[in-house]
file query-v1.txt (compact mmCIF, C-alpha atoms and all ligand atoms)
# COMPACT_ATOMS: atom_id res chain seq x y z
CA MET G 1 10.21 -17.79 16.99
CA ALA G 2 9.16 -14.73 14.99
CA ARG G 3 5.90 -13.12 16.13
CA ASP G 4 2.79 -13.16 14.01
CA HIS G 5 3.77 -11.11 10.98
CA GLY G 6 1.95 -13.52 8.71
CA PHE G 7 -1.20 -13.20 6.62
CA HIS G 8 -4.76 -13.80 7.78
CA PRO G 9 -7.95 -14.28 5.75
CA VAL G 10 -10.52 -11.51 6.17
CA ARG G 11 -13.90 -11.20 4.47
CA ILE G 12 -15.13 -8.00 2.88
CA THR G 13 -18.46 -7.10 4.47
CA ARG G 14 -19.32 -4.11 2.28
CA ILE G 15 -17.86 -1.77 -0.30
CA ILE G 16 -18.71 1.93 -0.32
CA ASP G 17 -18.10 4.22 -3.29
CA GLU G 18 -16.65 7.43 -1.82
CA THR G 19 -15.83 9.14 -5.15
CA PRO G 20 -15.61 7.77 -8.72
CA ASP G 21 -12.07 6.47 -8.05
CA VAL G 22 -12.09 5.87 -4.30
CA ARG G 23 -13.72 2.94 -2.50
CA THR G 24 -13.92 1.95 1.14
CA PHE G 25 -13.68 -1.76 1.95
CA SER G 26 -15.10 -2.79 5.33
CA LEU G 27 -13.58 -5.98 6.67
CA ASP G 28 -14.78 -8.68 9.00
CA ALA G 29 -11.59 -8.59 11.07
CA GLN G 30 -11.08 -8.48 14.81
CA PHE G 31 -7.52 -7.16 14.97
CA PRO G 32 -6.69 -4.66 17.67
CA TYR G 33 -5.26 -1.53 16.05
CA ARG G 34 -4.45 2.11 16.61
CA ALA G 35 -5.79 5.04 14.59
CA GLY G 36 -3.39 5.85 11.74
CA GLN G 37 -2.12 2.27 11.27
CA PHE G 38 -2.27 0.22 8.08
CA LEU G 39 -2.80 -3.35 6.86
CA THR G 40 -0.65 -5.03 4.24
CA PHE G 41 -2.57 -7.04 1.63
CA LYS G 42 -1.30 -9.98 -0.38
CA ALA G 43 -2.91 -9.65 -3.82
CA CYS G 44 -2.08 -10.13 -7.50
CA GLY G 45 1.11 -11.96 -6.46
CA THR G 46 2.46 -8.92 -4.62
CA LEU G 47 2.05 -6.86 -1.43
CA ARG G 48 0.44 -3.45 -0.88
CA SER G 49 -0.30 -1.51 2.29
CA TYR G 50 -3.54 0.41 2.93
CA SER G 51 -4.25 2.60 5.94
CA MET G 52 -7.34 2.17 8.03
CA SER G 53 -9.86 4.97 7.49
CA SER G 54 -11.85 3.63 10.43
CA SER G 55 -11.17 4.54 14.04
CA PRO G 56 -10.93 1.80 16.65
CA GLU G 57 -12.75 4.08 19.08
CA THR G 58 -15.67 5.22 16.89
CA ASP G 59 -16.21 2.56 14.21
CA THR G 60 -17.41 -1.00 14.70
CA GLU G 61 -15.75 -2.36 11.54
CA ILE G 62 -12.19 -2.09 10.28
CA SER G 63 -12.16 -0.25 6.94
CA VAL G 64 -9.54 0.70 4.40
CA THR G 65 -10.07 3.31 1.70
CA VAL G 66 -8.34 2.75 -1.62
CA LYS G 67 -7.81 5.23 -4.42
CA ARG G 68 -7.58 3.69 -7.85
CA VAL G 69 -4.18 4.61 -9.28
CA PRO G 70 -4.21 4.87 -13.11
CA GLY G 71 -2.44 1.75 -14.35
CA GLY G 72 -2.05 0.53 -10.75
CA LEU G 73 -1.99 -3.24 -10.33
CA VAL G 74 -3.55 -3.83 -6.91
CA SER G 75 -5.71 -0.72 -6.53
CA GLY G 76 -7.14 -1.39 -10.00
CA TRP G 77 -7.85 -5.03 -9.12
CA MET G 78 -9.50 -4.06 -5.83
CA HIS G 79 -11.77 -1.64 -7.66
CA THR G 80 -12.79 -3.90 -10.54
CA GLU G 81 -12.71 -7.42 -9.11
CA LEU G 82 -13.61 -7.31 -5.42
CA ARG G 83 -17.15 -7.84 -4.15
CA ALA G 84 -18.71 -8.07 -0.69
CA GLY G 85 -18.11 -11.60 0.59
CA ASP G 86 -14.71 -11.99 -1.05
CA VAL G 87 -11.81 -13.00 1.18
CA LEU G 88 -8.47 -11.17 1.24
CA GLU G 89 -5.20 -12.02 2.94
CA VAL G 90 -3.85 -9.31 5.24
CA THR G 91 -1.23 -8.84 7.92
CA ARG G 92 -2.04 -7.61 11.38
CA PRO G 93 -2.15 -3.79 11.62
CA SER G 94 1.18 -1.99 11.90
CA GLY G 95 2.61 1.50 11.63
CA SER G 96 3.56 4.36 13.92
CA PHE G 97 1.64 7.28 12.34
CA CYS G 98 -0.44 7.33 15.51
CA LEU G 99 -1.64 9.59 18.30
CA ARG G 100 1.07 10.10 20.86
CA ALA G 101 0.78 9.24 24.50
CA GLY G 102 0.88 12.26 26.80
CA ALA G 103 -0.42 14.68 24.14
CA ALA G 104 -3.57 15.61 26.11
CA GLY G 105 -4.75 19.12 25.30
CA ARG G 106 -2.06 19.65 22.66
CA PRO G 107 -3.49 20.92 19.34
CA LEU G 108 -3.43 18.38 16.51
CA ILE G 109 -2.77 20.00 13.13
CA ALA G 110 -3.18 17.74 10.10
CA TYR G 111 -2.40 18.20 6.42
CA ALA G 112 -3.89 15.61 4.07
CA GLY G 113 -3.70 15.50 0.28
CA GLY G 114 -5.73 13.08 -1.88
CA SER G 115 -5.79 9.52 -0.49
CA GLY G 116 -3.54 10.77 2.34
CA ILE G 117 -6.79 11.69 4.10
CA THR G 118 -7.30 7.98 4.90
CA PRO G 119 -5.09 7.62 8.01
CA VAL G 120 -5.74 11.26 8.94
CA PHE G 121 -9.52 10.67 9.02
CA SER G 122 -8.90 7.79 11.42
CA LEU G 123 -6.62 9.95 13.62
CA VAL G 124 -9.05 12.87 13.68
CA LYS G 125 -11.99 10.65 14.72
CA SER G 126 -9.97 9.04 17.50
CA ALA G 127 -8.52 12.33 18.76
CA LEU G 128 -11.98 13.90 18.96
CA ALA G 129 -13.51 10.88 20.67
CA THR G 130 -10.80 10.14 23.21
CA THR G 131 -9.19 13.50 24.04
CA ASP G 132 -10.09 17.16 24.46
CA ARG G 133 -7.48 18.21 21.88
CA PRO G 134 -8.40 20.90 19.36
CA VAL G 135 -8.01 19.59 15.80
CA VAL G 136 -7.32 21.62 12.65
CA LEU G 137 -7.31 19.86 9.28
CA LEU G 138 -6.37 20.96 5.78
CA SER G 139 -7.89 18.43 3.36
CA ALA G 140 -6.65 19.06 -0.17
CA HIS G 141 -8.12 17.52 -3.33
CA PRO G 142 -8.26 18.43 -7.02
CA SER G 143 -12.00 19.25 -6.96
CA ALA G 144 -15.16 18.91 -4.84
CA GLN G 145 -16.32 15.91 -6.93
CA ILE G 146 -13.29 13.88 -5.82
CA SER G 147 -12.84 15.30 -2.34
CA ILE G 148 -12.67 12.20 -0.14
CA PHE G 149 -14.76 12.20 3.09
CA GLN G 150 -15.83 15.83 2.54
CA SER G 151 -19.36 15.37 3.88
CA SER G 152 -18.22 13.07 6.70
CA LEU G 153 -15.69 15.68 7.80
CA ASP G 154 -18.31 18.43 7.67
CA ALA G 155 -20.61 16.28 9.80
CA LEU G 156 -17.80 15.70 12.28
CA ALA G 157 -17.03 19.43 12.46
CA ALA G 158 -20.72 20.12 13.16
CA ARG G 159 -20.67 17.49 15.90
CA TYR G 160 -17.57 18.97 17.54
CA PRO G 161 -18.04 22.76 17.22
CA GLY G 162 -14.97 24.62 18.47
CA ARG G 163 -12.92 21.40 18.54
CA LEU G 164 -12.59 20.59 14.84
CA VAL G 165 -11.86 23.10 12.09
CA VAL G 166 -11.69 21.69 8.53
CA ARG G 167 -10.43 23.65 5.55
CA HIS G 168 -11.36 21.92 2.29
CA HIS G 169 -8.76 22.98 -0.24
CA LEU G 170 -9.90 22.42 -3.84
CA ASP G 171 -7.20 22.89 -6.47
CA ASP G 172 -9.67 23.87 -9.20
CA ARG G 173 -10.85 26.77 -7.05
CA HIS G 174 -7.81 27.70 -4.98
CA GLY G 175 -4.83 26.54 -7.07
CA LEU G 176 -2.22 24.28 -5.48
CA VAL G 177 -1.62 24.49 -1.73
CA THR G 178 0.83 27.29 -0.92
CA ARG G 179 3.27 27.86 1.93
CA GLN G 180 1.08 30.72 3.19
CA GLU G 181 -1.87 28.38 3.39
CA ALA G 182 0.18 25.73 5.19
CA VAL G 183 1.63 28.19 7.68
CA ALA G 184 -1.81 29.67 8.41
CA LEU G 185 -2.71 26.49 10.30
CA VAL G 186 0.28 26.69 12.63
CA PRO G 187 -0.76 27.95 16.06
CA ARG G 188 1.16 30.82 17.68
CA GLN G 189 2.74 28.40 20.14
CA ALA G 190 3.90 26.04 17.39
CA GLN G 191 5.88 23.89 19.83
CA ASP G 192 2.69 23.02 21.67
CA ALA G 193 1.17 21.15 18.70
CA ASP G 194 1.63 17.83 16.91
CA PHE G 195 1.61 17.96 13.11
CA TYR G 196 0.48 15.04 10.90
CA VAL G 197 1.20 15.04 7.17
CA CYS G 198 0.13 12.54 4.47
CA GLY G 199 -0.36 13.07 0.76
CA PRO G 200 1.45 13.25 -2.57
CA ALA G 201 5.23 13.73 -2.31
CA PRO G 202 5.36 17.40 -3.47
CA PHE G 203 2.52 18.29 -1.07
CA MET G 204 4.32 16.66 1.85
CA ALA G 205 7.63 18.31 0.92
CA LEU G 206 5.96 21.73 0.86
CA VAL G 207 4.27 21.23 4.22
CA GLU G 208 7.36 19.75 5.86
CA ASP G 209 9.58 22.60 4.59
CA THR G 210 7.04 25.18 5.73
CA LEU G 211 6.75 23.71 9.22
CA THR G 212 10.52 23.38 9.61
CA ALA G 213 11.05 26.99 8.42
CA ARG G 214 8.40 28.09 10.94
CA GLY G 215 10.54 26.51 13.68
CA VAL G 216 8.49 23.38 14.35
CA ALA G 217 10.74 20.70 15.85
CA GLU G 218 11.32 17.63 13.70
CA ASP G 219 9.96 15.30 16.35
CA ARG G 220 6.61 17.14 16.31
CA ILE G 221 6.07 16.40 12.60
CA LEU G 222 4.69 12.92 11.87
CA ILE G 223 4.76 11.88 8.25
CA GLU G 224 3.20 8.87 6.51
CA ARG G 225 4.61 8.12 3.08
CA PHE G 226 2.58 6.00 0.67
CA THR G 227 5.62 5.77 -1.59
CA PRO G 228 9.20 5.47 -0.32
CA ALA G 229 10.92 8.83 0.20
CA GLN G 230 14.07 7.51 -1.44
CA PRO G 231 13.57 4.62 -3.83
CA SER G 232 17.35 4.53 -4.17
CA ALA G 233 19.75 3.64 -1.37
CA PRO G 234 19.24 5.43 1.94
CA ALA G 235 22.17 7.46 3.27
CA PRO G 236 24.92 5.13 4.44
CA SER G 237 24.97 4.53 8.17
CA ALA G 238 27.95 5.75 10.18
CA GLU G 239 29.07 2.15 10.61
CA ALA G 240 28.96 1.50 6.88
CA VAL G 241 31.09 4.57 6.24
CA VAL G 242 33.62 3.63 8.88
CA LEU G 243 33.82 0.06 7.67
CA PRO G 244 34.44 0.04 3.92
CA VAL G 245 33.00 -3.30 3.00
CA THR G 246 34.51 -5.54 0.41
CA GLY G 247 32.69 -8.72 1.23
CA SER G 248 29.59 -10.43 0.00
CA VAL G 249 25.85 -10.69 0.50
CA THR G 250 24.36 -14.15 0.10
CA VAL G 251 20.60 -14.30 -0.32
CA ASP G 252 18.53 -17.44 0.16
CA LEU G 253 14.97 -17.14 -1.16
CA ARG G 254 12.51 -19.96 -1.83
CA GLY G 255 15.24 -22.56 -2.09
CA GLN G 256 17.54 -20.53 -4.37
CA ARG G 257 20.84 -19.12 -3.14
CA ARG G 258 22.80 -16.34 -4.87
CA THR G 259 25.79 -14.22 -3.80
CA VAL G 260 26.58 -10.64 -4.87
CA PRO G 261 29.49 -8.38 -3.90
CA GLN G 262 28.59 -6.13 -0.99
CA ARG G 263 28.05 -2.41 -1.72
CA THR G 264 28.43 0.20 0.98
CA GLY G 265 25.15 1.97 1.71
CA GLU G 266 22.98 -0.72 0.14
CA THR G 267 20.22 -2.40 2.12
CA LEU G 268 19.82 -6.17 2.11
CA LEU G 269 16.58 -5.73 0.15
CA GLN G 270 18.46 -3.83 -2.53
CA SER G 271 21.21 -6.46 -2.59
CA ALA G 272 18.57 -9.18 -2.98
CA ARG G 273 17.06 -7.34 -5.93
CA ARG G 274 20.53 -6.86 -7.44
CA ALA G 275 21.00 -10.60 -7.12
CA GLY G 276 18.00 -11.02 -9.44
CA PHE G 277 15.41 -11.94 -6.80
CA THR G 278 11.98 -10.35 -6.33
CA PRO G 279 11.92 -10.39 -2.53
CA PRO G 280 8.78 -9.45 -0.56
CA PHE G 281 8.35 -5.84 0.62
CA SER G 282 5.63 -3.23 0.91
CA CYS G 283 6.17 -0.03 2.91
CA GLU G 284 9.99 0.22 2.58
CA SER G 285 9.95 2.32 5.73
CA GLY G 286 10.50 -0.20 8.50
CA GLU G 287 6.86 -0.50 9.52
CA CYS G 288 5.14 -3.52 7.99
CA ALA G 289 7.61 -6.44 8.41
CA THR G 290 6.72 -7.96 5.04
CA CYS G 291 10.41 -7.76 4.06
CA MET G 292 11.67 -9.58 7.16
CA ALA G 293 14.33 -12.25 6.81
CA ARG G 294 16.85 -13.95 9.06
CA LEU G 295 20.56 -13.30 9.17
CA THR G 296 22.36 -16.61 9.49
CA VAL G 297 25.87 -15.27 8.88
CA GLY G 298 27.21 -11.83 9.84
CA GLU G 299 25.49 -8.76 11.22
CA ALA G 300 23.47 -5.81 9.95
CA LYS G 301 22.14 -2.56 11.35
CA MET G 302 18.59 -1.31 10.74
CA HIS G 303 17.97 2.39 10.12
CA VAL G 304 14.35 2.12 11.32
CA ASN G 305 12.63 -0.75 13.07
CA ASN G 306 9.02 -0.16 14.03
CA ALA G 307 7.97 -3.74 13.34
CA LEU G 308 10.21 -6.31 15.00
CA ALA G 309 10.36 -6.97 18.74
CA ASP G 310 13.68 -7.04 20.61
CA ASP G 311 13.63 -10.83 20.97
CA GLU G 312 13.10 -11.23 17.23
CA VAL G 313 16.07 -8.97 16.52
CA ALA G 314 18.11 -10.98 19.03
CA GLU G 315 17.21 -14.12 17.07
CA GLY G 316 18.66 -12.60 13.91
CA TRP G 317 15.50 -11.29 12.21
CA VAL G 318 15.95 -8.06 10.26
CA LEU G 319 13.82 -5.77 8.14
CA THR G 320 15.73 -6.13 4.91
CA CYS G 321 14.45 -2.76 3.60
CA GLN G 322 16.25 -1.09 6.50
CA ALA G 323 19.23 -3.33 7.22
CA GLU G 324 22.75 -2.63 6.02
CA PRO G 325 25.54 -5.14 6.62
CA THR G 326 28.10 -4.21 9.26
CA THR G 327 30.30 -7.28 8.72
CA PRO G 328 32.09 -8.16 5.50
CA ASP G 329 30.07 -11.28 4.74
CA VAL G 330 26.40 -11.77 5.45
CA THR G 331 23.85 -14.42 4.58
CA VAL G 332 20.17 -13.56 4.69
CA VAL G 333 17.43 -16.19 4.47
CA TYR G 334 13.84 -15.33 3.55
CA GLU G 335 11.73 -17.92 5.33
CA ASN G 336 8.37 -17.16 3.68
C1 LIG E 1 2.03 2.65 4.72
C2 LIG E 1 1.22 2.84 3.47
C3 LIG E 1 -0.13 3.15 3.56
C4 LIG E 1 -0.88 3.35 2.40
N1 LIG E 1 -2.21 3.66 2.52
C5 LIG E 1 -2.95 3.86 1.41
C6 LIG E 1 -4.34 4.19 1.53
O1 LIG E 1 -4.91 4.28 2.62
N2 LIG E 1 -5.05 4.38 0.39
C7 LIG E 1 -4.47 4.27 -0.85
O2 LIG E 1 -5.19 4.44 -1.86
N3 LIG E 1 -3.16 3.96 -0.99
C8 LIG E 1 -2.40 3.74 0.10
N4 LIG E 1 -1.07 3.40 -0.02
C9 LIG E 1 -0.50 3.21 -1.40
C10 LIG E 1 -0.74 1.75 -1.84
O3 LIG E 1 -0.01 0.86 -1.02
C11 LIG E 1 -0.27 1.48 -3.27
O4 LIG E 1 1.05 1.95 -3.43
C12 LIG E 1 -1.15 2.13 -4.32
O5 LIG E 1 -2.49 1.67 -4.20
C13 LIG E 1 -0.63 1.80 -5.75
O6 LIG E 1 -0.56 0.42 -5.88
P1 LIG E 1 -0.97 -0.30 -7.23
O7 LIG E 1 -0.59 -1.73 -7.17
O8 LIG E 1 -2.39 0.00 -7.58
O9 LIG E 1 -0.10 0.49 -8.28
P2 LIG E 1 1.29 0.01 -8.92
O10 LIG E 1 1.04 -1.09 -9.88
O11 LIG E 1 2.28 -0.18 -7.84
O12 LIG E 1 1.61 1.31 -9.74
C14 LIG E 1 1.99 2.51 -9.08
C15 LIG E 1 2.34 3.54 -10.15
O13 LIG E 1 3.28 3.02 -11.08
C16 LIG E 1 2.75 3.10 -12.38
N5 LIG E 1 3.10 1.89 -13.10
C17 LIG E 1 2.69 0.63 -12.83
N6 LIG E 1 3.20 -0.22 -13.70
C18 LIG E 1 3.94 0.53 -14.56
C19 LIG E 1 4.74 0.22 -15.69
N7 LIG E 1 4.87 -1.04 -16.14
N8 LIG E 1 5.37 1.23 -16.30
C20 LIG E 1 5.26 2.49 -15.88
N9 LIG E 1 4.52 2.84 -14.80
C21 LIG E 1 3.89 1.87 -14.17
C22 LIG E 1 1.28 3.20 -12.26
O14 LIG E 1 0.73 3.85 -13.37
C23 LIG E 1 1.15 3.97 -11.00
O15 LIG E 1 1.30 5.33 -11.26
C24 LIG E 1 -0.28 3.21 1.12
C25 LIG E 1 1.07 2.89 1.03
C26 LIG E 1 1.82 2.70 2.18
C27 LIG E 1 3.27 2.35 2.06
S1 LIG E 2 8.96 -3.32 3.52
FE1 LIG E 2 7.80 -2.75 5.28
S2 LIG E 2 9.26 -3.01 6.89
FE2 LIG E 2 10.40 -3.42 5.11

call {"tool": "encode", "arguments": {"input": "query-v1.txt", "output": "structure tokens"}}
result
Amino acid sequence: MARDHGFHPVRITRIIDETPDVRTFSLDAQFPYRAGQFLTFKACGTLRSYSMSSSPETDTEISVTVKRVPGGLVSGWMHTELRAGDVLEVTRPSGSFCLRAGAAGRPLIAYAGGSGITPVFSLVKSALATTDRPVVLLSAHPSAQISIFQSSLDALAARYPGRLVVRHHLDDRHGLVTRQEAVALVPRQAQDADFYVCGPAPFMALVEDTLTARGVAEDRILIERFTPAQPSAPAPSAEAVVLPVTGSVTVDLRGQRRTVPQRTGETLLQSARRAGFTPPFSCESGECATCMARLTVGEAKMHVNNALADDEVAEGWVLTCQAEPTTPDVTVVYEN
């Protein structure tokens, strides 16, 4: 039996306007979660993930903070249609953009751009409350009017003098974030720190490049992507390269079954789309399990699996956004 990756009704208890296009939704939900994790919502006939801005250690309610994307389906609907008392369907929390065990005393350096501050705010609150780690945060926004959590962060810095340093970067005053600005946050002993990065793709690329060039080890840089890094096929796995595949992928979704020729380097999710289906997915990074399906014929290898337990994998469940066939013929069945 697959674990509980299903959807649960939760009631909105209150809605807070953070900026003209950002709202926080507090939820009447009792899920255990870790700072930095996200919920996946079923809304408008599709799925979207939103990170918790609340901290399990310092906040009594679970909250998500949603920026309205111009023309965006779900964020637009959440902003215009939702009211306190409404009920939403969400998964249990998931994600691995979290504080690491054994990091006591290690500096936490965070770079957040725009709505990327959401999981970072959660991480910062938890790190301050549960550890003695020094925390340095660069919070970048286009202007002070739309700087998310600016006053809350200032209040937190005042509450933890010497522990939390926040630099509010405002594009209209400082221009776009530069490498020099990113590198200025890196402590002299760079290997002693953990680095958290979340924001628009160019912002994250700049920070990641800067940290790597400064010699920070890859495993010390934790990145949360709100949009997939590579919307196209991920790099083929070694197995896929070694085994040129000429077989087929059969997809079974909501009672319909279609077969397409197998393509090396293509995930099962991509094959299902190529077959003309609109299969479920949200994060496309192996975290949320909304794309899970069961292999009934053949085998596949997942690039990343931060959502399924070992016994589920043993039963044939795969994250289709991460799984590439390793046998010539595979059949994948979406069971929800
Ligand atoms: C793990 C994770 C955590 C996340 N956490 C947060 C969070 O805490 N806060 C947050 O605000 N977001 C977060 N996101 C992003 C969020 O899930 C959504 O991607 C975001 O809200 C946009 O969804 P949407 O339905 O509003 O927009 P979509 O409808 O998906 O549109 C996205 C973009 O495509 C454009 N577009 C839409 N339709 C068309 C069309 N027909 N033609 C051309 N362009 C089009 C839109 O203009 C927009 O620019 C997270 C994402 C992930 C994966
Ligand atoms: S879409 Fe989230 S794990 Fe595949």

call {"tool": "residues_around", "arguments": {"input": "query-v1.txt", "residues": "Ala190 of chain G", "least_positions_apart": "3", "cutoff": "10 Å", "atoms": "all atoms listed in the file", "output": "PyMOL selection string"}}
result
chain G and resi 107+109+185-187+193-195+211+214-217+220

call {"tool": "closest_residue", "arguments": {"input": "query-v1.txt", "among": "G:Glu18, G:Asp310, G:Asp4, G:Glu57", "to": "ligand LIG 1 (chain E)", "atoms": "all atoms listed in the file"}}
result
G:Glu18

call {"tool": "closest_residue", "arguments": {"input": "query-v1.txt", "among": "G:Thr259, G:Asp219, G:Ser282, G:Arg92", "to": "Thr46 of chain G", "atoms": "all atoms listed in the file"}}
result
G:Ser282

call {"tool": "atom_distance", "arguments": {"input": "query-v1.txt", "atom1": "atom CA of Ala205 of chain G", "atom2": "atom CA of Ser115 of chain G"}}
result
16.1 Å

call {"tool": "residues_near_ligand", "arguments": {"input": "query-v1.txt", "ligand": "ligand LIG 1 (chain E)", "cutoff": "9 Å", "atoms": "all atoms listed in the file", "output": "ChimeraX atom specification"}}
result
/G:22-23,37-41,43-44,46-53,64-78,94-95,97,114-119,224-228,282-285,287-288

call {"tool": "residues_around", "arguments": {"input": "query-v1.txt", "residues": "Met204 of chain G", "least_positions_apart": "6", "cutoff": "10 Å", "atoms": "all atoms listed in the file", "output": "list in words"}}
result
Tyr111, Ala112, Gly113, Gly116, Tyr196, Val197, Cys198, Thr210, Ile223, Glu224 and Arg225 of chain G

call {"tool": "write_last_selection", "arguments": {"input": "query-v1.txt", "atoms": "C-alpha atoms", "output": "CSV table (one decimal), keeping the file's coordinate frame"}}
result
chain,number,residue,atom,x,y,z
G,111,TYR,CA,-2.4,18.2,6.4
G,112,ALA,CA,-3.9,15.6,4.1
G,113,GLY,CA,-3.7,15.5,0.3
G,116,GLY,CA,-3.5,10.8,2.3
G,196,TYR,CA,0.5,15.0,10.9
G,197,VAL,CA,1.2,15.0,7.2
G,198,CYS,CA,0.1,12.5,4.5
G,210,THR,CA,7.0,25.2,5.7
G,223,ILE,CA,4.8,11.9,8.2
G,224,GLU,CA,3.2,8.9,6.5
G,225,ARG,CA,4.6,8.1,3.1

call {"tool": "axis_aligned_box", "arguments": {"input": "query-v1.txt", "around": "ligand LIG 2 (chain E)", "padding_each_side": "4 Å", "output": "JSON"}}
result
{"center_x": 9.1, "center_y": -3.1, "center_z": 5.2, "size_x": 10.6, "size_y": 8.7, "size_z": 11.4}

call {"tool": "residues_near_ligand", "arguments": {"input": "query-v1.txt", "ligand": "ligand LIG 2 (chain E)", "cutoff": "8 Å", "atoms": "all atoms listed in the file", "output": "ChimeraX atom specification"}}
result
/G:280-292,305-307,319-322

call {"tool": "atom_distance", "arguments": {"input": "query-v1.txt", "atom1": "atom CA of Pro279 of chain G", "atom2": "atom CA of Thr326 of chain G"}}
result
21.0 Å

call {"tool": "atom_distance", "arguments": {"input": "query-v1.txt", "atom1": "atom CA of Leu27 of chain G", "atom2": "atom CA of Ser147 of chain G"}}
result
23.1 Å

call {"tool": "residues_around", "arguments": {"input": "query-v1.txt", "residues": "Ser55 of chain G", "least_positions_apart": "4", "cutoff": "6 Å", "atoms": "all atoms listed in the file", "output": "list in words"}}
result
Ala35, Asp59, Ser122 and Ser126 of chain G

call {"tool": "write_last_selection", "arguments": {"input": "query-v1.txt", "atoms": "C-alpha atoms", "output": "PDB file, keeping the file's coordinate frame"}}
result
ATOM      1  CA  ALA G  35      -5.790   5.040  14.590  1.00  0.00           C
ATOM      2  CA  ASP G  59     -16.210   2.560  14.210  1.00  0.00           C
ATOM      3  CA  SER G 122      -8.900   7.790  11.420  1.00  0.00           C
ATOM      4  CA  SER G 126      -9.970   9.040  17.500  1.00  0.00           C
TER       5      SER G 126
END

call {"tool": "closest_residue", "arguments": {"input": "query-v1.txt", "among": "G:Val318, G:Leu156, G:Leu138, G:Ala213", "to": "Val177 of chain G", "atoms": "all atoms listed in the file"}}
result
G:Leu138

call {"tool": "residues_near_point", "arguments": {"input": "query-v1.txt", "point": "(-17.7, 15.1, 19.0)", "cutoff": "9 Å", "atoms": "only C-alpha atoms", "output": "JSON list (two decimals) with C-alpha atoms, keeping the file's coordinate frame"}}
result
[["chain", "number", "residue", "atom", "x", "y", "z"],
["G", 125, "LYS", "CA", -11.99, 10.65, 14.72],
["G", 128, "LEU", "CA", -11.98, 13.90, 18.96],
["G", 129, "ALA", "CA", -13.51, 10.88, 20.67],
["G", 156, "LEU", "CA", -17.80, 15.70, 12.28],
["G", 157, "ALA", "CA", -17.03, 19.43, 12.46],
["G", 158, "ALA", "CA", -20.72, 20.12, 13.16],
["G", 159, "ARG", "CA", -20.67, 17.49, 15.90],
["G", 160, "TYR", "CA", -17.57, 18.97, 17.54],
["G", 161, "PRO", "CA", -18.04, 22.76, 17.22],
["G", 163, "ARG", "CA", -12.92, 21.40, 18.54],
["G", 164, "LEU", "CA", -12.59, 20.59, 14.84]]

call {"tool": "decode", "arguments": {"input": "query-v1.txt", "residues": "segment 191-200 of chain G", "atoms": "N, CA, C and O atoms", "output": "compact mmCIF listing (two decimals), in the first residue's frame"}}
result
# COMPACT_ATOMS: atom_id res chain seq x y z
N GLN G 191 33.48 26.89 4.30
CA GLN G 191 33.08 25.48 4.44
C GLN G 191 32.36 25.21 5.75
O GLN G 191 31.83 24.12 5.94
N ASP G 192 32.38 26.18 6.66
CA ASP G 192 31.71 25.98 7.94
C ASP G 192 30.25 26.37 7.91
O ASP G 192 29.56 26.29 8.92
N ALA G 193 29.76 26.87 6.76
CA ALA G 193 28.38 27.39 6.72
C ALA G 193 27.48 26.54 5.83
O ALA G 193 27.95 25.78 4.98
N ASP G 194 26.17 26.67 6.04
CA ASP G 194 25.18 26.12 5.11
C ASP G 194 24.54 27.29 4.38
O ASP G 194 24.23 28.32 5.00
N PHE G 195 24.32 27.13 3.08
CA PHE G 195 23.79 28.21 2.26
C PHE G 195 22.42 27.79 1.71
O PHE G 195 22.30 26.70 1.14
N TYR G 196 21.41 28.65 1.86
CA TYR G 196 20.06 28.37 1.37
C TYR G 196 19.70 29.43 0.33
O TYR G 196 19.90 30.63 0.58
N VAL G 197 19.19 28.98 -0.81
CA VAL G 197 18.91 29.89 -1.91
C VAL G 197 17.51 29.61 -2.48
O VAL G 197 17.19 28.47 -2.81
N CYS G 198 16.69 30.67 -2.59
CA CYS G 198 15.37 30.52 -3.21
C CYS G 198 14.95 31.86 -3.80
O CYS G 198 15.01 32.89 -3.12
N GLY G 199 14.55 31.83 -5.06
CA GLY G 199 14.14 33.08 -5.70
C GLY G 199 13.97 32.87 -7.19
O GLY G 199 13.96 31.73 -7.67
N PRO G 200 13.88 33.97 -7.95
CA PRO G 200 13.77 33.84 -9.40
C PRO G 200 15.01 33.14 -9.99
O PRO G 200 16.10 33.24 -9.41
